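Okay, final_36.pdb is below, PDB, N, CA and C atoms:
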ATOM      1  N   MET A   1       5.538  -8.610   9.745
ATOM      2  CA  MET A   1       4.480  -7.845  10.385
ATOM      3  C   MET A   1       3.141  -8.385   9.880
ATOM      4  N   ASN A   2       2.224  -8.652  10.809
ATOM      5  CA  ASN A   2       0.918  -9.127  10.352
ATOM      6  C   ASN A   2       0.056  -7.948   9.913
ATOM      7  N   VAL A   3      -0.961  -8.240   9.160
ATOM      8  CA  VAL A   3      -1.785  -7.210   8.538
ATOM      9  C   VAL A   3      -2.456  -6.320   9.579
ATOM     10  N   GLN A   4      -3.000  -6.921  10.615
ATOM     11  CA  GLN A   4      -3.707  -6.138  11.625
ATOM     12  C   GLN A   4      -2.769  -5.149  12.315
ATOM     13  N   LYS A   5      -1.581  -5.588  12.695
ATOM     14  CA  LYS A   5      -0.616  -4.692  13.337
ATOM     15  C   LYS A   5      -0.157  -3.607  12.379
ATOM     16  N   ALA A   6       0.035  -3.979  11.128
ATOM     17  CA  ALA A   6       0.450  -2.994  10.118
ATOM     18  C   ALA A   6      -0.616  -1.916   9.964
ATOM     19  N   LYS A   7      -1.873  -2.330   9.893
ATOM     20  CA  LYS A   7      -2.966  -1.371   9.753
ATOM     21  C   LYS A   7      -3.064  -0.461  10.975
ATOM     22  N   GLU A   8      -2.925  -1.024  12.160
ATOM     23  CA  GLU A   8      -2.986  -0.222  13.384
ATOM     24  C   GLU A   8      -1.835   0.779  13.448
ATOM     25  N   GLN A   9      -0.645   0.319  13.155
ATOM     26  CA  GLN A   9       0.528   1.185  13.187
ATOM     27  C   GLN A   9       0.396   2.304  12.145
ATOM     28  N   PHE A  10      -0.065   1.954  10.953
ATOM     29  CA  PHE A  10      -0.221   2.932   9.884
ATOM     30  C   PHE A  10      -1.290   3.962  10.263
ATOM     31  N   THR A  11      -2.382   3.507  10.846
ATOM     32  CA  THR A  11      -3.446   4.413  11.286
ATOM     33  C   THR A  11      -2.915   5.399  12.324
ATOM     34  N   LYS A  12      -2.173   4.909  13.295
ATOM     35  CA  LYS A  12      -1.600   5.793  14.328
ATOM     36  C   LYS A  12      -0.629   6.790  13.714
ATOM     37  N   TRP A  13       0.193   6.323  12.789
ATOM     38  CA  TRP A  13       1.189   7.181  12.145
ATOM     39  C   TRP A  13       0.499   8.303  11.366
ATOM     40  N   MET A  14      -0.531   7.955  10.599
ATOM     41  CA  MET A  14      -1.237   8.973   9.813
ATOM     42  C   MET A  14      -2.030   9.922  10.696
ATOM     43  N   THR A  15      -2.607   9.405  11.779
ATOM     44  CA  THR A  15      -3.339  10.260  12.715
ATOM     45  C   THR A  15      -2.396  11.300  13.318
ATOM     46  N   ALA A  16      -1.204  10.867  13.681
ATOM     47  CA  ALA A  16      -0.213  11.785  14.255
ATOM     48  C   ALA A  16       0.215  12.853  13.249
ATOM     49  N   LYS A  17       0.076  12.551  11.968
ATOM     50  CA  LYS A  17       0.444  13.497  10.905
ATOM     51  C   LYS A  17      -0.783  14.273  10.397
ATOM     52  N   TYR A  18      -1.898  14.138  11.100
ATOM     53  CA  TYR A  18      -3.132  14.890  10.824
ATOM     54  C   TYR A  18      -3.764  14.603   9.465
ATOM     55  N   TYR A  19      -3.645  13.365   9.005
ATOM     56  CA  TYR A  19      -4.370  12.971   7.801
ATOM     57  C   TYR A  19      -5.863  12.964   8.130
ATOM     58  N   SER A  20      -6.695  13.229   7.145
ATOM     59  CA  SER A  20      -8.143  13.209   7.376
ATOM     60  C   SER A  20      -8.608  11.775   7.596
ATOM     61  N   ASP A  21      -9.755  11.644   8.251
ATOM     62  CA  ASP A  21     -10.313  10.313   8.509
ATOM     63  C   ASP A  21     -10.558   9.554   7.207
ATOM     64  N   GLY A  22     -11.041  10.256   6.188
ATOM     65  CA  GLY A  22     -11.309   9.616   4.903
ATOM     66  C   GLY A  22     -10.042   9.108   4.237
ATOM     67  N   THR A  23      -8.982   9.903   4.311
ATOM     68  CA  THR A  23      -7.707   9.492   3.730
ATOM     69  C   THR A  23      -7.154   8.295   4.479
ATOM     70  N   ILE A  24      -7.230   8.329   5.795
ATOM     71  CA  ILE A  24      -6.741   7.203   6.603
ATOM     72  C   ILE A  24      -7.487   5.932   6.228
ATOM     73  N   GLU A  25      -8.788   6.022   6.150
ATOM     74  CA  GLU A  25      -9.605   4.846   5.812
ATOM     75  C   GLU A  25      -9.229   4.307   4.429
ATOM     76  N   SER A  26      -9.095   5.194   3.466
ATOM     77  CA  SER A  26      -8.749   4.797   2.103
ATOM     78  C   SER A  26      -7.361   4.167   2.037
ATOM     79  N   TYR A  27      -6.386   4.780   2.683
ATOM     80  CA  TYR A  27      -5.018   4.280   2.655
ATOM     81  C   TYR A  27      -4.895   2.932   3.366
ATOM     82  N   VAL A  28      -5.596   2.776   4.473
ATOM     83  CA  VAL A  28      -5.550   1.506   5.212
ATOM     84  C   VAL A  28      -6.168   0.382   4.381
ATOM     85  N   ARG A  29      -7.252   0.669   3.675
ATOM     86  CA  ARG A  29      -7.853  -0.347   2.790
ATOM     87  C   ARG A  29      -6.881  -0.742   1.689
ATOM     88  N   CYS A  30      -6.154   0.230   1.171
ATOM     89  CA  CYS A  30      -5.171  -0.060   0.129
ATOM     90  C   CYS A  30      -4.079  -0.974   0.663
ATOM     91  N   VAL A  31      -3.571  -0.673   1.847
ATOM     92  CA  VAL A  31      -2.521  -1.511   2.443
ATOM     93  C   VAL A  31      -3.047  -2.924   2.672
ATOM     94  N   GLU A  32      -4.287  -3.034   3.089
ATOM     95  CA  GLU A  32      -4.896  -4.356   3.286
ATOM     96  C   GLU A  32      -4.962  -5.121   1.967
ATOM     97  N   ARG A  33      -5.373  -4.454   0.885
ATOM     98  CA  ARG A  33      -5.414  -5.108  -0.430
ATOM     99  C   ARG A  33      -4.011  -5.505  -0.874
ATOM    100  N   PHE A  34      -3.032  -4.656  -0.599
ATOM    101  CA  PHE A  34      -1.643  -4.931  -0.959
ATOM    102  C   PHE A  34      -1.154  -6.201  -0.263
ATOM    103  N   PHE A  35      -1.423  -6.322   1.035
ATOM    104  CA  PHE A  35      -1.027  -7.523   1.777
ATOM    105  C   PHE A  35      -1.735  -8.765   1.239
ATOM    106  N   LYS A  36      -3.016  -8.648   0.910
ATOM    107  CA  LYS A  36      -3.751  -9.789   0.351
ATOM    108  C   LYS A  36      -3.131 -10.213  -0.974
ATOM    109  N   HIS A  37      -2.746  -9.242  -1.775
ATOM    110  CA  HIS A  37      -2.098  -9.542  -3.050
ATOM    111  C   HIS A  37      -0.780 -10.278  -2.822
ATOM    112  N   LEU A  38       0.008  -9.804  -1.873
ATOM    113  CA  LEU A  38       1.285 -10.466  -1.580
ATOM    114  C   LEU A  38       1.063 -11.898  -1.111
ATOM    115  N   ASN A  39       0.044 -12.113  -0.304
ATOM    116  CA  ASN A  39      -0.247 -13.462   0.189
ATOM    117  C   ASN A  39      -0.700 -14.403  -0.915
ATOM    118  N   SER A  40      -1.388 -13.876  -1.908
ATOM    119  CA  SER A  40      -1.888 -14.746  -2.968
ATOM    120  C   SER A  40      -0.950 -14.815  -4.176
ATOM    121  N   HIS A  41       0.067 -13.991  -4.200
ATOM    122  CA  HIS A  41       1.060 -13.986  -5.282
ATOM    123  C   HIS A  41       2.444 -14.078  -4.641
ATOM    124  N   ARG A  42       2.782 -15.243  -4.151
ATOM    125  CA  ARG A  42       3.990 -15.449  -3.351
ATOM    126  C   ARG A  42       5.281 -15.066  -4.071
ATOM    127  N   LYS A  43       5.323 -15.174  -5.381
ATOM    128  CA  LYS A  43       6.535 -14.817  -6.138
ATOM    129  C   LYS A  43       6.850 -13.328  -6.001
ATOM    130  N   VAL A  44       5.828 -12.524  -5.813
ATOM    131  CA  VAL A  44       5.999 -11.070  -5.693
ATOM    132  C   VAL A  44       6.816 -10.726  -4.444
ATOM    133  N   VAL A  45       6.685 -11.522  -3.404
ATOM    134  CA  VAL A  45       7.372 -11.267  -2.139
ATOM    135  C   VAL A  45       8.887 -11.292  -2.325
ATOM    136  N   GLU A  46       9.356 -12.024  -3.313
ATOM    137  CA  GLU A  46      10.794 -12.125  -3.559
ATOM    138  C   GLU A  46      11.367 -10.868  -4.215
ATOM    139  N   LEU A  47      10.505  -9.992  -4.731
ATOM    140  CA  LEU A  47      10.948  -8.781  -5.406
ATOM    141  C   LEU A  47      11.343  -7.703  -4.402
ATOM    142  N   SER A  48      12.022  -6.675  -4.886
ATOM    143  CA  SER A  48      12.340  -5.523  -4.037
ATOM    144  C   SER A  48      11.031  -4.816  -3.668
ATOM    145  N   HIS A  49      11.089  -3.977  -2.653
ATOM    146  CA  HIS A  49       9.888  -3.261  -2.218
ATOM    147  C   HIS A  49       9.285  -2.452  -3.366
ATOM    148  N   SER A  50      10.135  -1.755  -4.102
ATOM    149  CA  SER A  50       9.648  -0.939  -5.219
ATOM    150  C   SER A  50       8.986  -1.793  -6.281
ATOM    151  N   LYS A  51       9.594  -2.910  -6.593
ATOM    152  CA  LYS A  51       9.038  -3.805  -7.613
ATOM    153  C   LYS A  51       7.731  -4.436  -7.141
ATOM    154  N   ARG A  52       7.608  -4.705  -5.848
ATOM    155  CA  ARG A  52       6.358  -5.243  -5.311
ATOM    156  C   ARG A  52       5.221  -4.253  -5.552
ATOM    157  N   VAL A  53       5.500  -2.993  -5.232
ATOM    158  CA  VAL A  53       4.485  -1.956  -5.401
ATOM    159  C   VAL A  53       4.148  -1.797  -6.880
ATOM    160  N   GLU A  54       5.158  -1.771  -7.714
ATOM    161  CA  GLU A  54       4.941  -1.639  -9.153
ATOM    162  C   GLU A  54       4.104  -2.794  -9.689
ATOM    163  N   GLU A  55       4.433  -4.004  -9.290
ATOM    164  CA  GLU A  55       3.698  -5.178  -9.747
ATOM    165  C   GLU A  55       2.258  -5.135  -9.246
ATOM    166  N   TYR A  56       2.065  -4.746  -7.988
ATOM    167  CA  TYR A  56       0.720  -4.662  -7.416
ATOM    168  C   TYR A  56      -0.132  -3.645  -8.177
ATOM    169  N   LEU A  57       0.412  -2.468  -8.415
ATOM    170  CA  LEU A  57      -0.356  -1.433  -9.109
ATOM    171  C   LEU A  57      -0.662  -1.840 -10.548
ATOM    172  N   SER A  58       0.280  -2.494 -11.207
ATOM    173  CA  SER A  58       0.022  -3.001 -12.562
ATOM    174  C   SER A  58      -1.099  -4.035 -12.534
ATOM    175  N   TRP A  59      -1.057  -4.914 -11.555
ATOM    176  CA  TRP A  59      -2.093  -5.923 -11.392
ATOM    177  C   TRP A  59      -3.453  -5.270 -11.148
ATOM    178  N   ARG A  60      -3.471  -4.231 -10.323
ATOM    179  CA  ARG A  60      -4.735  -3.535 -10.023
ATOM    180  C   ARG A  60      -5.334  -2.927 -11.286
ATOM    181  N   VAL A  61      -4.475  -2.379 -12.140
ATOM    182  CA  VAL A  61      -4.961  -1.758 -13.370
ATOM    183  C   VAL A  61      -5.474  -2.810 -14.342
ATOM    184  N   THR A  62      -4.712  -3.892 -14.514
ATOM    185  CA  THR A  62      -5.100  -4.896 -15.507
ATOM    186  C   THR A  62      -6.226  -5.801 -15.020
ATOM    187  N   ASP A  63      -6.152  -6.271 -13.787
ATOM    188  CA  ASP A  63      -7.168  -7.192 -13.273
ATOM    189  C   ASP A  63      -8.287  -6.488 -12.524
ATOM    190  N   GLY A  64      -7.965  -5.368 -11.891
ATOM    191  CA  GLY A  64      -8.967  -4.657 -11.104
ATOM    192  C   GLY A  64      -9.684  -3.581 -11.880
ATOM    193  N   ASP A  65      -9.147  -3.251 -13.071
ATOM    194  CA  ASP A  65      -9.743  -2.248 -13.932
ATOM    195  C   ASP A  65      -9.991  -0.942 -13.173
ATOM    196  N   ILE A  66      -8.957  -0.468 -12.458
ATOM    197  CA  ILE A  66      -9.095   0.774 -11.704
ATOM    198  C   ILE A  66      -8.716   1.962 -12.577
ATOM    199  N   SER A  67      -9.195   3.114 -12.190
ATOM    200  CA  SER A  67      -8.911   4.339 -12.934
ATOM    201  C   SER A  67      -7.526   4.864 -12.568
ATOM    202  N   PRO A  68      -6.980   5.750 -13.403
ATOM    203  CA  PRO A  68      -5.681   6.346 -13.073
ATOM    204  C   PRO A  68      -5.698   7.101 -11.741
ATOM    205  N   SER A  69      -6.805   7.742 -11.405
ATOM    206  CA  SER A  69      -6.856   8.463 -10.129
ATOM    207  C   SER A  69      -6.823   7.500  -8.946
ATOM    208  N   THR A  70      -7.477   6.357  -9.076
ATOM    209  CA  THR A  70      -7.426   5.347  -8.012
ATOM    210  C   THR A  70      -6.018   4.787  -7.895
ATOM    211  N   GLN A  71      -5.378   4.566  -9.039
ATOM    212  CA  GLN A  71      -3.998   4.079  -9.015
ATOM    213  C   GLN A  71      -3.093   5.094  -8.315
ATOM    214  N   SER A  72      -3.319   6.358  -8.543
ATOM    215  CA  SER A  72      -2.529   7.403  -7.904
ATOM    216  C   SER A  72      -2.730   7.402  -6.384
ATOM    217  N   VAL A  73      -3.970   7.249  -5.947
ATOM    218  CA  VAL A  73      -4.261   7.181  -4.511
ATOM    219  C   VAL A  73      -3.556   5.980  -3.895
ATOM    220  N   GLU A  74      -3.636   4.841  -4.577
ATOM    221  CA  GLU A  74      -3.000   3.632  -4.047
ATOM    222  C   GLU A  74      -1.482   3.769  -4.017
ATOM    223  N   LEU A  75      -0.908   4.396  -5.026
ATOM    224  CA  LEU A  75       0.532   4.636  -5.014
ATOM    225  C   LEU A  75       0.909   5.510  -3.828
ATOM    226  N   ASN A  76       0.167   6.592  -3.620
ATOM    227  CA  ASN A  76       0.452   7.476  -2.484
ATOM    228  C   ASN A  76       0.331   6.727  -1.159
ATOM    229  N   ALA A  77      -0.687   5.897  -1.035
ATOM    230  CA  ALA A  77      -0.878   5.122   0.193
ATOM    231  C   ALA A  77       0.320   4.214   0.451
ATOM    232  N   LEU A  78       0.772   3.530  -0.592
ATOM    233  CA  LEU A  78       1.882   2.587  -0.413
ATOM    234  C   LEU A  78       3.209   3.305  -0.194
ATOM    235  N   VAL A  79       3.388   4.457  -0.799
ATOM    236  CA  VAL A  79       4.596   5.249  -0.545
ATOM    237  C   VAL A  79       4.618   5.681   0.926
ATOM    238  N   GLN A  80       3.490   6.161   1.421
ATOM    239  CA  GLN A  80       3.426   6.597   2.823
ATOM    240  C   GLN A  80       3.593   5.416   3.779
ATOM    241  N   PHE A  81       3.005   4.289   3.446
ATOM    242  CA  PHE A  81       3.147   3.103   4.286
ATOM    243  C   PHE A  81       4.610   2.690   4.391
ATOM    244  N   HIS A  82       5.292   2.641   3.261
ATOM    245  CA  HIS A  82       6.707   2.274   3.275
ATOM    246  C   HIS A  82       7.550   3.339   3.971
ATOM    247  N   ARG A  83       7.176   4.600   3.813
ATOM    248  CA  ARG A  83       7.892   5.683   4.512
ATOM    249  C   ARG A  83       7.779   5.496   6.022
ATOM    250  N   MET A  84       6.576   5.125   6.479
ATOM    251  CA  MET A  84       6.376   4.872   7.907
ATOM    252  C   MET A  84       7.318   3.764   8.388
ATOM    253  N   LEU A  85       7.547   2.776   7.528
ATOM    254  CA  LEU A  85       8.438   1.664   7.878
ATOM    255  C   LEU A  85       9.921   2.015   7.708
ATOM    256  N   GLY A  86      10.184   3.215   7.180
ATOM    257  CA  GLY A  86      11.573   3.616   6.961
ATOM    258  C   GLY A  86      12.151   3.071   5.668
ATOM    259  N   ILE A  87      11.288   2.730   4.721
ATOM    260  CA  ILE A  87      11.700   2.162   3.439
ATOM    261  C   ILE A  87      11.356   3.154   2.346
ATOM    262  N   GLU A  88      12.360   3.639   1.645
ATOM    263  CA  GLU A  88      12.111   4.527   0.514
ATOM    264  C   GLU A  88      11.945   3.670  -0.737
ATOM    265  N   LEU A  89      10.913   3.970  -1.500
ATOM    266  CA  LEU A  89      10.666   3.251  -2.743
ATOM    267  C   LEU A  89      11.416   3.966  -3.860
ATOM    268  N   THR A  90      12.462   3.317  -4.337
ATOM    269  CA  THR A  90      13.286   3.905  -5.397
ATOM    270  C   THR A  90      13.596   2.871  -6.452
ATOM    271  N   GLU A  91      14.043   3.304  -7.589
ATOM    272  CA  GLU A  91      14.531   2.466  -8.692
ATOM    273  C   GLU A  91      14.282   3.115  -9.976
TER     274      GLU A  91
END
Turn the structure described in the file into structure tokens.
Amino acid sequence: MNVQKAKEQFTKWMTAKYYSDGTIESYVRCVERFFKHLNSHRKVVELSHSKRVEEYLSWRVTDGDISPSTQSVELNALVQFHRMLGIELTE
């Protein structure tokens, strides 16, 4: 799935579930950053979905110097994105 289609599909899915405009915007930006990370860290793509998310969030904390609340928002965004795709993040 390309990034643009993923963002459009995710936006429609969240709109149908009555997410606020601000939440949709924030979650879509997170998914975009996640895809950029996967594209620039090709080894991560070989991991399970859960491990990809875990590695991305760890990277965001160490390299992006994000706060725990931002990490929580990004985790929620990625959980919902994967849920939309029918993928449960477990492990």
What's around Ile24 of chain A at 8 Å? Count only N, CA and C atoms, leave out sequence neighbours fewer than 3 positions away in its own chain, and write the answer as a PDB file with N, CA and C atoms, in the coordinates of the input.
ATOM      1  N   PHE A  10      -0.065   1.954  10.953  1.00  0.00           N
ATOM      2  CA  PHE A  10      -0.221   2.932   9.884  1.00  0.00           C
ATOM      3  C   PHE A  10      -1.290   3.962  10.263  1.00  0.00           C
ATOM      4  N   THR A  11      -2.382   3.507  10.846  1.00  0.00           N
ATOM      5  CA  THR A  11      -3.446   4.413  11.286  1.00  0.00           C
ATOM      6  C   THR A  11      -2.915   5.399  12.324  1.00  0.00           C
ATOM      7  N   MET A  14      -0.531   7.955  10.599  1.00  0.00           N
ATOM      8  CA  MET A  14      -1.237   8.973   9.813  1.00  0.00           C
ATOM      9  C   MET A  14      -2.030   9.922  10.696  1.00  0.00           C
ATOM     10  N   THR A  15      -2.607   9.405  11.779  1.00  0.00           N
ATOM     11  CA  THR A  15      -3.339  10.260  12.715  1.00  0.00           C
ATOM     12  C   THR A  15      -2.396  11.300  13.318  1.00  0.00           C
ATOM     13  N   TYR A  19      -3.645  13.365   9.005  1.00  0.00           N
ATOM     14  CA  TYR A  19      -4.370  12.971   7.801  1.00  0.00           C
ATOM     15  C   TYR A  19      -5.863  12.964   8.130  1.00  0.00           C
ATOM     16  N   SER A  20      -6.695  13.229   7.145  1.00  0.00           N
ATOM     17  CA  SER A  20      -8.143  13.209   7.376  1.00  0.00           C
ATOM     18  C   SER A  20      -8.608  11.775   7.596  1.00  0.00           C
ATOM     19  N   ASP A  21      -9.755  11.644   8.251  1.00  0.00           N
ATOM     20  CA  ASP A  21     -10.313  10.313   8.509  1.00  0.00           C
ATOM     21  C   ASP A  21     -10.558   9.554   7.207  1.00  0.00           C
ATOM     22  N   TYR A  27      -6.386   4.780   2.683  1.00  0.00           N
ATOM     23  CA  TYR A  27      -5.018   4.280   2.655  1.00  0.00           C
ATOM     24  C   TYR A  27      -4.895   2.932   3.366  1.00  0.00           C
ATOM     25  N   VAL A  28      -5.596   2.776   4.473  1.00  0.00           N
ATOM     26  CA  VAL A  28      -5.550   1.506   5.212  1.00  0.00           C
ATOM     27  C   VAL A  28      -6.168   0.382   4.381  1.00  0.00           C
ATOM     28  N   ARG A  29      -7.252   0.669   3.675  1.00  0.00           N
ATOM     29  CA  ARG A  29      -7.853  -0.347   2.790  1.00  0.00           C
ATOM     30  C   ARG A  29      -6.881  -0.742   1.689  1.00  0.00           C
ATOM     31  N   CYS A  30      -6.154   0.230   1.171  1.00  0.00           N
ATOM     32  CA  CYS A  30      -5.171  -0.060   0.129  1.00  0.00           C
ATOM     33  C   CYS A  30      -4.079  -0.974   0.663  1.00  0.00           C
TER      34      CYS A  30
END
So that I can check the surroundings of Leu75 of chain A, please list as a VMD selection string every protein, DNA and RNA residue that reaches within 8 Å of it, counting all atoms listed in the file and ignoring chain neighbours fewer than 5 positions away. chain A and resid 53 57 69 to 70 80 to 81
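Among the candidates A:Leu89, A:Leu38, A:Ala6, A:Ala77, the residue lying nearest to Ser50 of chain A is A:Leu89 (atoms considered: all atoms listed in the file).
Atom C of Arg42 of chain A to atom N of Glu55 of chain A spans 12.3 Å [interatomic distance, one decimal].
Minimum atom-to-atom distances from A:Val3, A:Val73, A:His49, A:Gln9 to Ser26 of chain A were compared using only N, CA and C atoms, and the lowest value belongs to A:Val73.
With only C-alpha atoms as the atoms that count, the residue of A:Thr23, A:Ser72, A:Asp63, A:Lys51 with the shortest distance to Thr90 of chain A is A:Lys51.
If you look at atom N of Ala16 of chain A and atom N of Asn39 of chain A, they are 26.9 Å away from each other.
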Computed interatomic separation between atom C of Gly22 of chain A and atom CA of Asn76 of chain A (Å): 12.6 Å
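Nearest-residue note for Glu88 of chain A: choosing from A:Trp13, A:Phe34, A:Ser48, A:Glu25, the minimum distance belongs to A:Ser48, counting only C-alpha atoms.
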If the box runs along x, y and z of the file and leaves 6 Å on each side of segment 41-55 of chain A, what are its centre and edge lengths in Å, one decimal, as JSON?
{"center_x": 6.2, "center_y": -8.2, "center_z": -5.9, "size_x": 24.3, "size_y": 26.5, "size_z": 19.6}
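Using only C-alpha atoms, the nearest neighbour of Lys7 of chain A within the list A:Met84, A:Val31, A:Leu47, A:Val79 is A:Val31.
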I need the residues of chain A that end up classed as helix (DSSP H, G or I) by DSSP on the backbone, written out as a ChimeraX atom specification. /A:3-16,21-40,42-46,49-64,68-84
